[in-house]
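Asker: Input structure: model-v8.tsv, which contains TSV, C-alpha atoms and all ligand atoms.
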```tsv
chain	number	residue	atom	x	y	z
A	1	MET	CA	13.03	31.64	15.09
A	2	LYS	CA	11.66	28.13	15.43
A	3	GLU	CA	13.26	25.60	13.08
A	4	LYS	CA	10.90	24.20	10.45
A	5	ILE	CA	10.15	20.53	11.09
A	6	THR	CA	9.47	18.17	8.23
A	7	ALA	CA	8.46	14.51	8.62
A	8	ALA	CA	11.03	12.14	7.16
A	9	ILE	CA	10.84	8.43	6.53
A	10	THR	CA	13.89	7.10	8.41
A	11	GLY	CA	13.50	3.37	7.76
A	12	VAL	CA	11.40	0.66	6.12
A	13	GLY	CA	10.52	-2.85	7.27
A	14	ALA	CA	8.31	-5.38	5.57
A	15	TYR	CA	7.10	-8.95	5.53
A	16	VAL	CA	5.54	-11.26	2.98
A	17	PRO	CA	4.40	-14.76	3.91
A	18	ASP	CA	6.32	-17.79	2.64
A	19	TYR	CA	3.56	-19.46	0.62
A	20	ILE	CA	3.68	-18.46	-3.05
A	21	LEU	CA	0.52	-18.78	-5.13
A	22	ASP	CA	1.55	-18.73	-8.78
A	23	ASN	CA	-0.49	-18.39	-11.96
A	24	GLU	CA	-0.32	-22.14	-12.62
A	25	GLU	CA	-2.06	-22.85	-9.31
A	26	ILE	CA	-4.63	-20.07	-9.95
A	27	SER	CA	-5.29	-21.63	-13.39
A	28	ARG	CA	-6.23	-24.87	-11.64
A	29	MET	CA	-8.69	-23.00	-9.39
A	30	VAL	CA	-10.49	-20.87	-12.03
A	31	ASP	CA	-10.75	-20.63	-15.82
A	32	THR	CA	-7.73	-18.45	-16.55
A	33	THR	CA	-4.17	-18.62	-17.87
A	34	ASP	CA	-0.74	-17.27	-17.03
A	35	GLU	CA	-0.83	-15.46	-20.38
A	36	TRP	CA	-4.12	-13.66	-19.57
A	37	ILE	CA	-3.01	-12.63	-16.08
A	38	MET	CA	0.42	-11.44	-17.24
A	39	SER	CA	-0.91	-9.46	-20.20
A	40	ARG	CA	-3.99	-7.93	-18.49
A	41	ILE	CA	-2.61	-7.36	-14.97
A	42	GLY	CA	1.13	-8.14	-14.88
A	43	ILE	CA	1.18	-10.56	-11.93
A	44	LYS	CA	3.18	-13.79	-11.83
A	45	THR	CA	2.99	-14.71	-8.14
A	46	ARG	CA	1.47	-13.50	-4.90
A	47	HIS	CA	2.27	-14.45	-1.28
A	48	ILE	CA	-0.47	-15.96	0.86
A	49	LEU	CA	-0.61	-16.14	4.66
A	50	LYS	CA	-1.48	-19.69	5.68
A	51	GLY	CA	-2.06	-20.91	9.23
A	52	GLU	CA	-5.00	-21.05	11.59
A	53	GLY	CA	-5.53	-17.89	13.62
A	54	LEU	CA	-3.01	-15.74	11.75
A	55	GLY	CA	-4.30	-12.39	10.56
A	56	THR	CA	-3.06	-9.02	9.40
A	57	SER	CA	-1.38	-8.16	12.71
A	58	PHE	CA	0.86	-11.23	12.36
A	59	MET	CA	2.40	-9.70	9.23
A	60	GLY	CA	2.33	-6.17	10.65
A	61	VAL	CA	4.27	-7.28	13.73
A	62	LYS	CA	6.94	-8.91	11.55
A	63	ALA	CA	7.29	-5.75	9.45
A	64	VAL	CA	7.45	-3.47	12.50
A	65	ASN	CA	9.98	-5.69	14.28
A	66	GLU	CA	12.25	-5.52	11.26
A	67	LEU	CA	11.80	-1.74	11.15
A	68	LEU	CA	12.65	-1.38	14.86
A	69	GLU	CA	15.76	-3.48	14.39
A	70	LYS	CA	16.94	-1.66	11.26
A	71	THR	CA	16.42	1.76	12.80
A	72	ASN	CA	17.83	0.66	16.15
A	73	THR	CA	14.69	1.90	17.89
A	74	ASP	CA	13.57	0.98	21.40
A	75	PRO	CA	9.83	0.22	21.01
A	76	LYS	CA	9.19	2.14	24.24
A	77	ASP	CA	10.23	5.33	22.40
A	78	VAL	CA	7.50	5.01	19.76
A	79	ASP	CA	4.77	7.64	20.22
A	80	LEU	CA	2.14	6.47	17.76
A	81	VAL	CA	1.35	3.47	15.55
A	82	ILE	CA	-1.07	3.92	12.65
A	83	CYS	CA	-2.12	0.85	10.70
A	84	ALA	CA	-3.74	1.20	7.29
A	85	THR	CA	-5.75	-1.92	6.49
A	86	VAL	CA	-9.00	-3.17	4.99
A	87	THR	CA	-8.57	-6.58	6.58
A	88	PRO	CA	-8.21	-5.84	10.29
A	89	ASP	CA	-7.75	-8.79	12.65
A	90	MET	CA	-11.18	-7.89	14.05
A	91	LEU	CA	-13.64	-5.05	13.46
A	92	PHE	CA	-12.48	-3.77	16.82
A	93	PRO	CA	-10.16	-3.18	18.57
A	94	SER	CA	-7.82	-1.74	15.98
A	95	THR	CA	-5.08	-3.84	14.41
A	96	ALA	CA	-2.61	-1.02	15.18
A	97	ASN	CA	-3.49	-1.52	18.84
A	98	ILE	CA	-2.64	-5.22	18.62
A	99	ILE	CA	0.59	-4.58	16.69
A	100	ALA	CA	1.74	-1.92	19.17
A	101	TYR	CA	1.17	-4.30	22.07
A	102	LYS	CA	2.93	-7.23	20.41
A	103	VAL	CA	6.06	-5.23	19.46
A	104	GLY	CA	6.32	-3.69	22.94
A	105	ALA	CA	5.38	-0.15	21.93
A	106	VAL	CA	3.80	0.27	25.35
A	107	ASN	CA	3.98	4.07	25.38
A	108	ALA	CA	2.38	4.53	21.98
A	109	PHE	CA	-1.25	5.23	21.18
A	110	ALA	CA	-2.52	3.41	18.14
A	111	PHE	CA	-5.34	3.48	15.64
A	112	ASP	CA	-6.30	2.08	12.24
A	113	MET	CA	-6.93	4.07	9.11
A	114	GLN	CA	-9.24	2.79	6.42
A	115	ALA	CA	-9.13	4.32	2.95
A	116	ALA	CA	-8.95	1.07	0.95
A	117	CYS	CA	-5.81	0.94	-1.22
A	118	SER	CA	-5.04	4.60	-0.42
A	119	GLY	CA	-4.93	3.96	3.32
A	120	PHE	CA	-1.15	3.88	3.58
A	121	LEU	CA	-0.78	7.23	1.79
A	122	PHE	CA	-3.53	8.84	3.89
A	123	ALA	CA	-1.87	7.44	7.04
A	124	LEU	CA	1.53	8.82	6.00
A	125	GLN	CA	0.00	12.27	5.56
A	126	THR	CA	-1.69	12.00	8.96
A	127	GLY	CA	1.52	10.84	10.65
A	128	ALA	CA	3.47	13.64	8.97
A	129	ARG	CA	1.16	16.27	10.45
A	130	TYR	CA	1.72	14.93	13.99
A	131	ILE	CA	5.50	15.14	13.42
A	132	GLU	CA	5.43	18.61	11.81
A	133	SER	CA	3.37	19.96	14.71
A	134	GLY	CA	6.19	19.02	17.05
A	135	CYS	CA	3.81	16.78	19.06
A	136	TYR	CA	5.56	13.48	18.47
A	137	LYS	CA	9.04	12.24	17.53
A	138	LYS	CA	8.63	8.64	16.41
A	139	ILE	CA	5.60	7.44	14.48
A	140	ILE	CA	5.25	4.06	12.81
A	141	VAL	CA	2.94	3.83	9.81
A	142	VAL	CA	2.05	0.26	8.87
A	143	GLY	CA	0.25	-0.82	5.71
A	144	ALA	CA	-0.88	-4.44	5.94
A	145	ASP	CA	-3.52	-6.65	4.40
A	146	LYS	CA	-4.41	-10.30	4.38
A	147	MET	CA	-6.39	-9.98	1.16
A	148	SER	CA	-6.69	-13.76	0.88
A	149	SER	CA	-9.18	-13.59	3.78
A	150	ILE	CA	-11.68	-11.61	1.65
A	151	ILE	CA	-11.06	-13.02	-1.83
A	152	ASP	CA	-13.38	-15.49	-3.52
A	153	TYR	CA	-11.07	-18.08	-5.09
A	154	THR	CA	-13.84	-19.19	-7.45
A	155	ASP	CA	-14.09	-15.69	-9.02
A	156	ARG	CA	-11.58	-15.34	-11.84
A	157	THR	CA	-12.14	-11.60	-12.11
A	158	THR	CA	-10.70	-10.89	-8.65
A	159	CYS	CA	-8.68	-13.84	-7.36
A	160	PRO	CA	-5.60	-13.41	-9.58
A	161	ILE	CA	-5.17	-9.78	-8.51
A	162	PHE	CA	-4.60	-9.80	-4.77
A	163	GLY	CA	-1.91	-11.00	-2.37
A	164	ASP	CA	-0.97	-10.71	1.31
A	165	GLY	CA	1.81	-8.57	2.77
A	166	ALA	CA	2.82	-5.83	5.17
A	167	ALA	CA	5.23	-2.93	5.29
A	168	ALA	CA	6.06	-0.32	7.90
A	169	VAL	CA	7.93	2.99	7.87
A	170	MET	CA	9.27	5.16	10.67
A	171	LEU	CA	8.47	8.89	10.57
A	172	GLU	CA	10.77	11.26	12.47
A	173	PRO	CA	11.37	15.03	12.56
A	174	ASN	CA	13.89	16.36	10.04
A	175	PHE	CA	15.49	19.82	10.13
A	176	GLU	CA	17.12	19.76	6.68
A	177	GLY	CA	13.85	20.03	4.76
A	178	LEU	CA	13.84	16.35	3.82
A	179	GLY	CA	10.85	14.01	3.99
A	180	ILE	CA	7.21	14.59	3.10
A	181	GLN	CA	6.90	17.82	1.11
A	182	ASN	CA	3.38	17.95	-0.22
A	183	ALA	CA	0.37	15.75	-0.92
A	184	ILE	CA	-2.91	15.88	-2.79
A	185	LEU	CA	-5.51	13.47	-1.42
A	186	HIS	CA	-9.06	12.84	-2.63
A	187	SER	CA	-12.17	10.80	-1.83
A	188	ASP	CA	-15.33	10.30	-3.89
A	189	GLY	CA	-18.09	8.23	-2.32
A	190	SER	CA	-19.85	7.75	-5.64
A	191	GLY	CA	-17.26	5.04	-6.30
A	192	VAL	CA	-18.68	2.76	-3.64
A	193	ALA	CA	-20.84	0.92	-6.18
A	194	HIS	CA	-17.84	-0.34	-8.13
A	195	LEU	CA	-15.63	-1.75	-5.38
A	196	HIS	CA	-16.81	-2.87	-1.97
A	197	MET	CA	-17.65	-5.70	0.41
A	198	LYS	CA	-21.41	-6.06	0.66
A	199	ALA	CA	-21.81	-7.55	4.13
A	200	GLY	CA	-20.20	-7.63	7.55
A	201	GLY	CA	-20.75	-3.96	8.35
A	202	SER	CA	-23.68	-2.30	10.11
A	203	VAL	CA	-25.79	-2.02	6.94
A	204	CYS	CA	-25.75	-5.74	6.35
A	205	PRO	CA	-24.51	-7.67	9.38
A	206	PRO	CA	-23.26	-11.23	8.88
A	207	SER	CA	-25.84	-13.98	8.52
A	208	VAL	CA	-26.00	-17.45	7.00
A	209	GLU	CA	-27.44	-15.83	3.89
A	210	THR	CA	-24.57	-13.32	3.51
A	211	VAL	CA	-22.04	-16.12	3.82
A	212	LEU	CA	-23.82	-18.29	1.25
A	213	LYS	CA	-24.00	-15.33	-1.16
A	214	LYS	CA	-20.25	-14.64	-0.67
A	215	TRP	CA	-21.01	-11.11	0.40
A	216	HIS	CA	-17.95	-11.10	2.68
A	217	LYS	CA	-15.67	-11.18	-0.33
A	218	VAL	CA	-14.38	-8.37	-2.56
A	219	TYR	CA	-16.89	-7.18	-5.14
A	220	GLN	CA	-15.29	-5.29	-8.02
A	221	GLU	CA	-16.46	-3.95	-11.36
A	222	GLY	CA	-13.01	-4.08	-12.90
A	223	GLN	CA	-13.44	-1.85	-15.92
A	224	ALA	CA	-15.07	1.02	-14.04
A	225	VAL	CA	-12.34	0.90	-11.40
A	226	PHE	CA	-9.65	0.66	-14.07
A	227	LYS	CA	-10.88	3.77	-15.89
A	228	ALA	CA	-11.15	5.83	-12.71
A	229	ALA	CA	-7.73	4.62	-11.50
A	230	VAL	CA	-5.94	5.57	-14.71
A	231	THR	CA	-7.56	9.01	-14.83
A	232	HIS	CA	-7.22	9.99	-11.19
A	233	MET	CA	-3.77	8.56	-10.43
A	234	ALA	CA	-2.28	10.20	-13.50
A	235	ASP	CA	-4.11	13.55	-13.15
A	236	THR	CA	-3.22	13.91	-9.48
A	237	SER	CA	0.42	12.94	-9.99
A	238	VAL	CA	0.77	15.50	-12.79
A	239	GLU	CA	-0.99	18.15	-10.66
A	240	LEU	CA	1.45	17.39	-7.82
A	241	MET	CA	4.41	17.80	-10.18
A	242	GLU	CA	3.10	21.15	-11.43
A	243	ARG	CA	2.33	22.41	-7.95
A	244	ASN	CA	5.90	21.59	-6.81
A	245	ASN	CA	7.66	22.68	-10.03
A	246	LEU	CA	8.91	19.14	-10.64
A	247	THR	CA	9.86	18.02	-14.13
A	248	SER	CA	10.21	14.34	-15.03
A	249	ASP	CA	14.01	14.82	-14.84
A	250	ASP	CA	13.70	15.88	-11.20
A	251	ILE	CA	11.95	12.67	-10.20
A	252	ARG	CA	14.08	9.69	-9.18
A	253	TYR	CA	11.16	7.27	-8.77
A	254	LEU	CA	7.41	7.04	-9.11
A	255	VAL	CA	6.17	4.79	-6.28
A	256	PRO	CA	2.78	3.67	-7.60
A	257	HIS	CA	0.10	1.52	-6.02
A	258	GLN	CA	0.54	-1.95	-7.52
A	259	ALA	CA	-2.96	-2.78	-8.79
A	260	ASN	CA	-2.36	-3.34	-12.48
A	261	LEU	CA	0.79	-2.88	-14.56
A	262	ARG	CA	-1.26	-1.11	-17.23
A	263	ILE	CA	-2.43	1.50	-14.67
A	264	ILE	CA	1.18	1.99	-13.52
A	265	ASP	CA	2.41	2.39	-17.11
A	266	ALA	CA	-0.33	4.89	-17.96
A	267	THR	CA	0.51	7.00	-14.90
A	268	ALA	CA	4.25	6.95	-15.61
A	269	LYS	CA	3.62	7.90	-19.25
A	270	ARG	CA	1.48	10.90	-18.30
A	271	MET	CA	4.27	12.04	-15.95
A	272	GLY	CA	6.85	11.66	-18.72
A	273	LEU	CA	8.74	8.91	-16.88
A	274	GLN	CA	10.48	5.89	-18.40
A	275	GLN	CA	9.66	2.53	-16.79
A	276	GLU	CA	13.10	2.37	-15.11
A	277	LYS	CA	12.01	5.34	-12.97
A	278	CYS	CA	9.02	3.38	-11.76
A	279	MET	CA	9.06	1.07	-8.75
A	280	ILE	CA	7.42	-2.17	-9.85
A	281	ASN	CA	7.01	-5.39	-7.90
A	282	ILE	CA	3.41	-6.27	-8.78
A	283	ASP	CA	4.74	-9.31	-10.68
A	284	ARG	CA	5.88	-10.90	-7.39
A	285	TYR	CA	3.36	-9.70	-4.79
A	286	GLY	CA	0.20	-8.78	-6.69
A	287	ASN	CA	-2.01	-6.12	-5.12
A	288	THR	CA	-1.43	-6.19	-1.36
A	289	THR	CA	-3.81	-3.19	-0.94
A	290	ASP	CA	-2.28	-1.18	1.94
A	291	GLY	CA	1.02	-3.01	1.66
A	292	THR	CA	1.98	-1.94	-1.87
A	293	LEU	CA	3.73	1.41	-1.40
A	294	GLY	CA	5.78	0.28	1.60
A	295	LEU	CA	6.76	-2.97	-0.13
A	296	CYS	CA	8.03	-0.90	-3.07
A	297	LEU	CA	10.13	1.30	-0.77
A	298	TRP	CA	11.43	-1.86	0.94
A	299	ASP	CA	12.45	-3.52	-2.31
A	300	TYR	CA	14.10	-0.39	-3.76
A	301	GLU	CA	15.57	0.97	-0.51
A	302	SER	CA	19.16	0.08	-1.39
A	303	ARG	CA	18.93	2.17	-4.60
A	304	LEU	CA	17.63	5.30	-2.85
A	305	LYS	CA	19.90	8.21	-2.01
A	306	LYS	CA	19.47	11.10	0.39
A	307	GLY	CA	17.70	13.92	-1.44
A	308	ASP	CA	16.07	11.73	-4.11
A	309	ASN	CA	12.66	13.02	-5.20
A	310	LEU	CA	9.89	10.42	-5.06
A	311	VAL	CA	6.24	10.67	-6.06
A	312	LEU	CA	3.98	8.19	-4.27
A	313	ALA	CA	0.66	7.66	-6.06
A	314	THR	CA	-2.35	5.58	-5.25
A	315	PHE	CA	-5.93	4.72	-6.13
A	316	GLY	CA	-8.42	2.54	-4.28
A	317	GLY	CA	-11.96	1.67	-3.33
A	318	GLY	CA	-14.22	4.42	-2.13
A	319	PHE	CA	-13.01	5.87	-4.45
A	320	THR	CA	-9.90	7.22	-2.78
A	321	TRP	CA	-6.73	8.46	-4.45
A	322	GLY	CA	-3.78	10.76	-4.09
A	323	ALA	CA	-0.16	11.60	-4.72
A	324	MET	CA	2.63	12.64	-2.37
A	325	TYR	CA	5.98	14.29	-2.99
A	326	VAL	CA	8.73	12.92	-0.73
A	327	LYS	CA	12.39	13.94	-0.52
A	328	TRP	CA	14.14	10.76	0.59
A	329	ALA	CA	16.11	11.34	3.80
A	330	TYR	CA	18.92	8.75	3.84
A	331	ASP	CA	21.23	6.65	1.68
A	332	GLY	CA	19.36	3.37	1.42
A	333	ASP	CA	22.41	1.16	0.95
A	334	THR	CA	23.50	1.93	4.52
A	335	MET	CA	20.24	0.57	5.89
A	336	SER	CA	18.71	-2.01	3.56
A	337	ARG	CA	18.39	-5.69	4.38
B	401	LIG	O1	-6.43	-1.70	-5.94
B	401	LIG	C1	-7.79	-1.40	-6.01
B	401	LIG	C2	-8.13	-0.85	-7.29
B	401	LIG	N1	-8.36	-1.89	-8.25
B	401	LIG	C3	-7.89	-1.77	-9.47
B	401	LIG	O2	-7.19	-0.83	-9.78
B	401	LIG	C4	-8.32	-2.79	-10.50
B	401	LIG	C5	-8.68	-2.11	-11.78
B	401	LIG	N2	-9.17	-3.02	-12.80
B	401	LIG	C6	-8.35	-3.87	-13.46
B	401	LIG	O3	-7.18	-3.97	-13.14
B	401	LIG	C7	-8.90	-4.66	-14.63
B	401	LIG	O4	-10.15	-4.14	-14.98
B	401	LIG	C8	-9.05	-6.20	-14.36
B	401	LIG	C9	-7.67	-6.81	-14.22
B	401	LIG	C10	-9.85	-6.42	-13.08
B	401	LIG	C11	-9.76	-6.87	-15.53
B	401	LIG	O5	-9.07	-6.59	-16.73
B	401	LIG	P1	-9.86	-6.03	-18.01
B	401	LIG	O6	-8.87	-5.91	-19.08
B	401	LIG	O7	-10.57	-4.77	-17.58
B	401	LIG	O8	-10.85	-7.19	-18.33
B	401	LIG	P2	-12.44	-7.11	-18.48
B	401	LIG	O9	-13.06	-7.02	-17.13
B	401	LIG	O10	-12.80	-6.11	-19.50
B	401	LIG	O11	-12.73	-8.54	-19.06
B	401	LIG	C12	-12.33	-8.90	-20.39
B	401	LIG	C13	-12.65	-10.36	-20.61
B	401	LIG	C14	-14.05	-10.75	-20.17
B	401	LIG	O12	-14.54	-11.74	-21.06
B	401	LIG	P3	-15.60	-11.34	-22.20
B	401	LIG	O13	-16.76	-10.74	-21.49
B	401	LIG	O14	-14.88	-10.37	-23.09
B	401	LIG	O15	-15.89	-12.65	-22.84
B	401	LIG	C15	-13.82	-11.40	-18.83
B	401	LIG	O16	-14.80	-12.35	-18.51
B	401	LIG	O17	-11.75	-11.14	-19.83
B	401	LIG	C16	-12.50	-12.06	-19.05
B	401	LIG	N3	-11.75	-12.31	-17.83
B	401	LIG	C17	-10.82	-13.25	-17.75
B	401	LIG	N4	-10.33	-14.13	-18.64
B	401	LIG	C18	-9.35	-14.95	-18.26
B	401	LIG	C19	-11.87	-11.68	-16.65
B	401	LIG	N5	-11.00	-12.21	-15.77
B	401	LIG	C20	-10.33	-13.18	-16.43
B	401	LIG	C21	-9.31	-14.09	-16.09
B	401	LIG	N6	-8.86	-14.95	-17.01
B	401	LIG	N7	-8.76	-14.09	-14.84
```
Using structure tokens, write down the structure that the file contains.
Ligand code: UT7

Answerer:
Amino acid sequence: MKEKITAAITGVGAYVPDYILDNEEISRMVDTTDEWIMSRIGIKTRHILKGEGLGTSFMGVKAVNELLEKTNTDPKDVDLVICATVTPDMLFPSTANIIAYKVGAVNAFAFDMQAACSGFLFALQTGARYIESGCYKKIIVVGADKMSSIIDYTDRTTCPIFGDGAAAVMLEPNFEGLGIQNAILHSDGSGVAHLHMKAGGSVCPPSVETVLKKWHKVYQEGQAVFKAAVTHMADTSVELMERNNLTSDDIRYLVPHQANLRIIDATAKRMGLQQEKCMINIDRYGNTTDGTLGLCLWDYESRLKKGDNLVLATFGGGFTWGAMYVKWAYDGDTMSR
């Protein structure tokens, strides 16, 4: 009988740029305060990529190089690179394509996945299927965004929220039943009105007018997104627990998208989890869009043990959302930075 293959995360790499934009500096740019940002969102600092000509692939390459080093992987052995991003270096070719080339993954094929803040989770699920099918043995999933390139730093309703960063995980076959167990993923195009970028695509190509109107920046109706995020992230995470017979005691960590501490708290509460079972680093990085889940795994890697049950949960523009049950495949303290 053929052995059952599961797709396990076998390493994590990440990168955040050096420049730290704190709430004091934001308060000099727009009419806001540290108190408002901390109490309404939960962010103290975010990292910003500075430097002419540096885009998302710059951070993705750094994250992947760390991953290759930590997992002792020859880049020539990588079969596939998937990059989840809403801020690609260029509309085409894909940022994954550029990252694969720059890290020397010359035998890999590569493509981008765009599902707003849920892109990394959707990409993990896609990568897992390629592994489970027996097609490929080493897949890198990168989540990376240079959000500062699409944020209007005169808009106080969006500029405190976002930061830049990248994270990458390796997916490999596992024969002990560890790794990605189950996922519930959703999309609802009716959400487009509440969170989008108006111009730059085929509906409204760039023009002087679109630039002057700041239509190449994030447009968000915060309250509508907040309500949908709380409902969907919590409902789906609870549904995933029920489907997999998981109680809150069974779960080692919730790995939530880092968009707003209040959304994270509401999700954890619905799942019956105390805050210490919740990976949280929004205070330091803000919302890095496709970087958030991988940056959480990176920060908490040393605390993770083989067999730990994790629930990854996300919500983003589109709307897109989902939850994934992962059985962690290695003792993190043997691998972490
Ligand atoms: O990752 C993608 C998914 N995105 C999200 O999950 C984001 C979801 N939404 C949110 O996190 C929250 O809605 C925000 C953080 C964006 C806003 O928080 P809120 O508690 O929903 O605030 P609000 O939009 O209801 O605004 C309340 C007040 C308003 O003033 P008035 O109309 O009551 O006078 C805003 O103008 O707060 C004002 N406000 C601010 N005040 C100080 C909005 N932004 C700021 C600010 N500083 N930065």

Asker: Hey, which residues sit close to ligand LIG 401 (chain B)? Say within 7 Å, counting only C-alpha atoms and all ligand atoms, and write them as a tab-separated table (two decimals) with C-alpha atoms, in the coordinates of the input.

Answerer:
```tsv
chain	number	residue	atom	x	y	z
A	31	ASP	CA	-10.75	-20.63	-15.82
A	32	THR	CA	-7.73	-18.45	-16.55
A	33	THR	CA	-4.17	-18.62	-17.87
A	36	TRP	CA	-4.12	-13.66	-19.57
A	37	ILE	CA	-3.01	-12.63	-16.08
A	40	ARG	CA	-3.99	-7.93	-18.49
A	41	ILE	CA	-2.61	-7.36	-14.97
A	117	CYS	CA	-5.81	0.94	-1.22
A	156	ARG	CA	-11.58	-15.34	-11.84
A	157	THR	CA	-12.14	-11.60	-12.11
A	158	THR	CA	-10.70	-10.89	-8.65
A	160	PRO	CA	-5.60	-13.41	-9.58
A	161	ILE	CA	-5.17	-9.78	-8.51
A	222	GLY	CA	-13.01	-4.08	-12.90
A	223	GLN	CA	-13.44	-1.85	-15.92
A	225	VAL	CA	-12.34	0.90	-11.40
A	226	PHE	CA	-9.65	0.66	-14.07
A	229	ALA	CA	-7.73	4.62	-11.50
A	259	ALA	CA	-2.96	-2.78	-8.79
A	260	ASN	CA	-2.36	-3.34	-12.48
A	287	ASN	CA	-2.01	-6.12	-5.12
A	289	THR	CA	-3.81	-3.19	-0.94
A	315	PHE	CA	-5.93	4.72	-6.13
A	316	GLY	CA	-8.42	2.54	-4.28
A	317	GLY	CA	-11.96	1.67	-3.33
```

Asker: Near Gly42 of chain A, within 12 Å and counting all atoms listed in the file, which residues show up once chain neighbours fewer than 5 positions away are dropped, as a PyMOL selection string?

Answerer: chain A and resi 23+34-37+160-162+258-265+280-287

Asker: Please produce a file of the residues just selected, as a PDB file, keeping the file's coordinate frame, where the atoms kept are C-alpha atoms.

Answerer:
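Contents of again_17.pdb, as written:
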```
ATOM      1  CA  ASN A  23      -0.490 -18.390 -11.960  1.00  0.00           C
ATOM      2  CA  ASP A  34      -0.740 -17.270 -17.030  1.00  0.00           C
ATOM      3  CA  GLU A  35      -0.830 -15.460 -20.380  1.00  0.00           C
ATOM      4  CA  TRP A  36      -4.120 -13.660 -19.570  1.00  0.00           C
ATOM      5  CA  ILE A  37      -3.010 -12.630 -16.080  1.00  0.00           C
ATOM      6  CA  PRO A 160      -5.600 -13.410  -9.580  1.00  0.00           C
ATOM      7  CA  ILE A 161      -5.170  -9.780  -8.510  1.00  0.00           C
ATOM      8  CA  PHE A 162      -4.600  -9.800  -4.770  1.00  0.00           C
ATOM      9  CA  GLN A 258       0.540  -1.950  -7.520  1.00  0.00           C
ATOM     10  CA  ALA A 259      -2.960  -2.780  -8.790  1.00  0.00           C
ATOM     11  CA  ASN A 260      -2.360  -3.340 -12.480  1.00  0.00           C
ATOM     12  CA  LEU A 261       0.790  -2.880 -14.560  1.00  0.00           C
ATOM     13  CA  ARG A 262      -1.260  -1.110 -17.230  1.00  0.00           C
ATOM     14  CA  ILE A 263      -2.430   1.500 -14.670  1.00  0.00           C
ATOM     15  CA  ILE A 264       1.180   1.990 -13.520  1.00  0.00           C
ATOM     16  CA  ASP A 265       2.410   2.390 -17.110  1.00  0.00           C
ATOM     17  CA  ILE A 280       7.420  -2.170  -9.850  1.00  0.00           C
ATOM     18  CA  ASN A 281       7.010  -5.390  -7.900  1.00  0.00           C
ATOM     19  CA  ILE A 282       3.410  -6.270  -8.780  1.00  0.00           C
ATOM     20  CA  ASP A 283       4.740  -9.310 -10.680  1.00  0.00           C
ATOM     21  CA  ARG A 284       5.880 -10.900  -7.390  1.00  0.00           C
ATOM     22  CA  TYR A 285       3.360  -9.700  -4.790  1.00  0.00           C
ATOM     23  CA  GLY A 286       0.200  -8.780  -6.690  1.00  0.00           C
ATOM     24  CA  ASN A 287      -2.010  -6.120  -5.120  1.00  0.00           C
TER      25      ASN A 287
END
```

Asker: If we count all atoms listed in the file and set the cut-off at 7 Å, which residues sit around Leu67 of chain A, ignoring sequence neighbours fewer than 6 positions away in its own chain? Please answer as a VMD selection string.

Answerer: chain A and resid 11 to 13 168 to 169

Asker: Counting all atoms listed in the file, which of A:Val16, A:Val218, A:Leu121, A:Val81 gets nearest to Lys102 of chain A?

Answerer: A:Val81

Asker: Restricting the calculation to only C-alpha atoms, which member of A:Arg28, A:Lys269, A:His257, A:His232 is positioned closest to Ser118 of chain A?

Answerer: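 When distances to Ser118 of chain A are compared using only C-alpha atoms, the smallest one comes from A:His257.
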
Asker: What lies within 6 Å of Gln114 of chain A using only C-alpha atoms, ignoring chain neighbours under 5 positions off, as a ChimeraX atom specification?

Answerer: /A:84-85,119

Asker: Which residue, A:Cys159, A:Phe122, A:Ile43, A:Thr10, has the smallest gap to Val30 of chain A when you use only C-alpha atoms?

Answerer: A:Cys159

Asker: Report the distance between atom CA of Gly60 of chain A and atom CA of Val142 of chain A in Å, rounded to one decimal place.

Answerer: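 Calculated distance between atom CA of Gly60 of chain A and atom CA of Val142 of chain A is 6.7 Å.
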
Asker: Just checking: using all atoms listed in the file, which residue out of A:Met241, A:Ile48, A:Cys204, A:Ile131 ends up closest to Asp145 of chain A?

Answerer: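 That would be A:Ile48, the residue with the smallest distance to Asp145 of chain A.
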
Asker: For atom CA of Thr292 of chain A and atom CA of Met29 of chain A, quote the distance in Å rounded to one decimal.

Answerer: 24.8 Å

Asker: I'd like the interatomic distance between atom CA of Glu66 of chain A and atom CA of Tyr15 of chain A, to a tenth of an Å.

Answerer: 8.4 Å

Asker: Using all atoms listed in the file, which residue out of A:Lys2, A:Ile151, A:Arg46, A:Val78 lies closest to Asp18 of chain A?

Answerer: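 Using all atoms listed in the file, Asp18 of chain A sits closest to A:Arg46.
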
Asker: Measuring between all atoms listed in the file, which one of A:Ser148, A:Ser302, A:Thr267, A:Gln274 shows the shortest distance to Leu54 of chain A?

Answerer: A:Ser148

Asker: Could you give me, as number ranges by chain, the residues within 12 Å of segment 106-111 of chain A, counting all atoms listed in the file and dropping anything in the same chain fewer than 4 positions from it?

Answerer: A: 74-85, 88, 92-102, 123, 126-127, 136-142

Asker: Give me, as a list in words, all polymer residues having an atom no more than 7 Å from Met279 of chain A, counting only C-alpha atoms and skipping those fewer than 6 positions away in the same chain.

Answerer: Tyr253, Leu254, Val255, Pro256 and Cys296 of chain A

Asker: Dump C-alpha atoms for the selected residues as a PDB file, in the frame of the given file?

Answerer:
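This is the output file again26.pdb:
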```pdb
ATOM      1  CA  TYR A 253      11.160   7.270  -8.770  1.00  0.00           C
ATOM      2  CA  LEU A 254       7.410   7.040  -9.110  1.00  0.00           C
ATOM      3  CA  VAL A 255       6.170   4.790  -6.280  1.00  0.00           C
ATOM      4  CA  PRO A 256       2.780   3.670  -7.600  1.00  0.00           C
ATOM      5  CA  CYS A 296       8.030  -0.900  -3.070  1.00  0.00           C
TER       6      CYS A 296
END
```
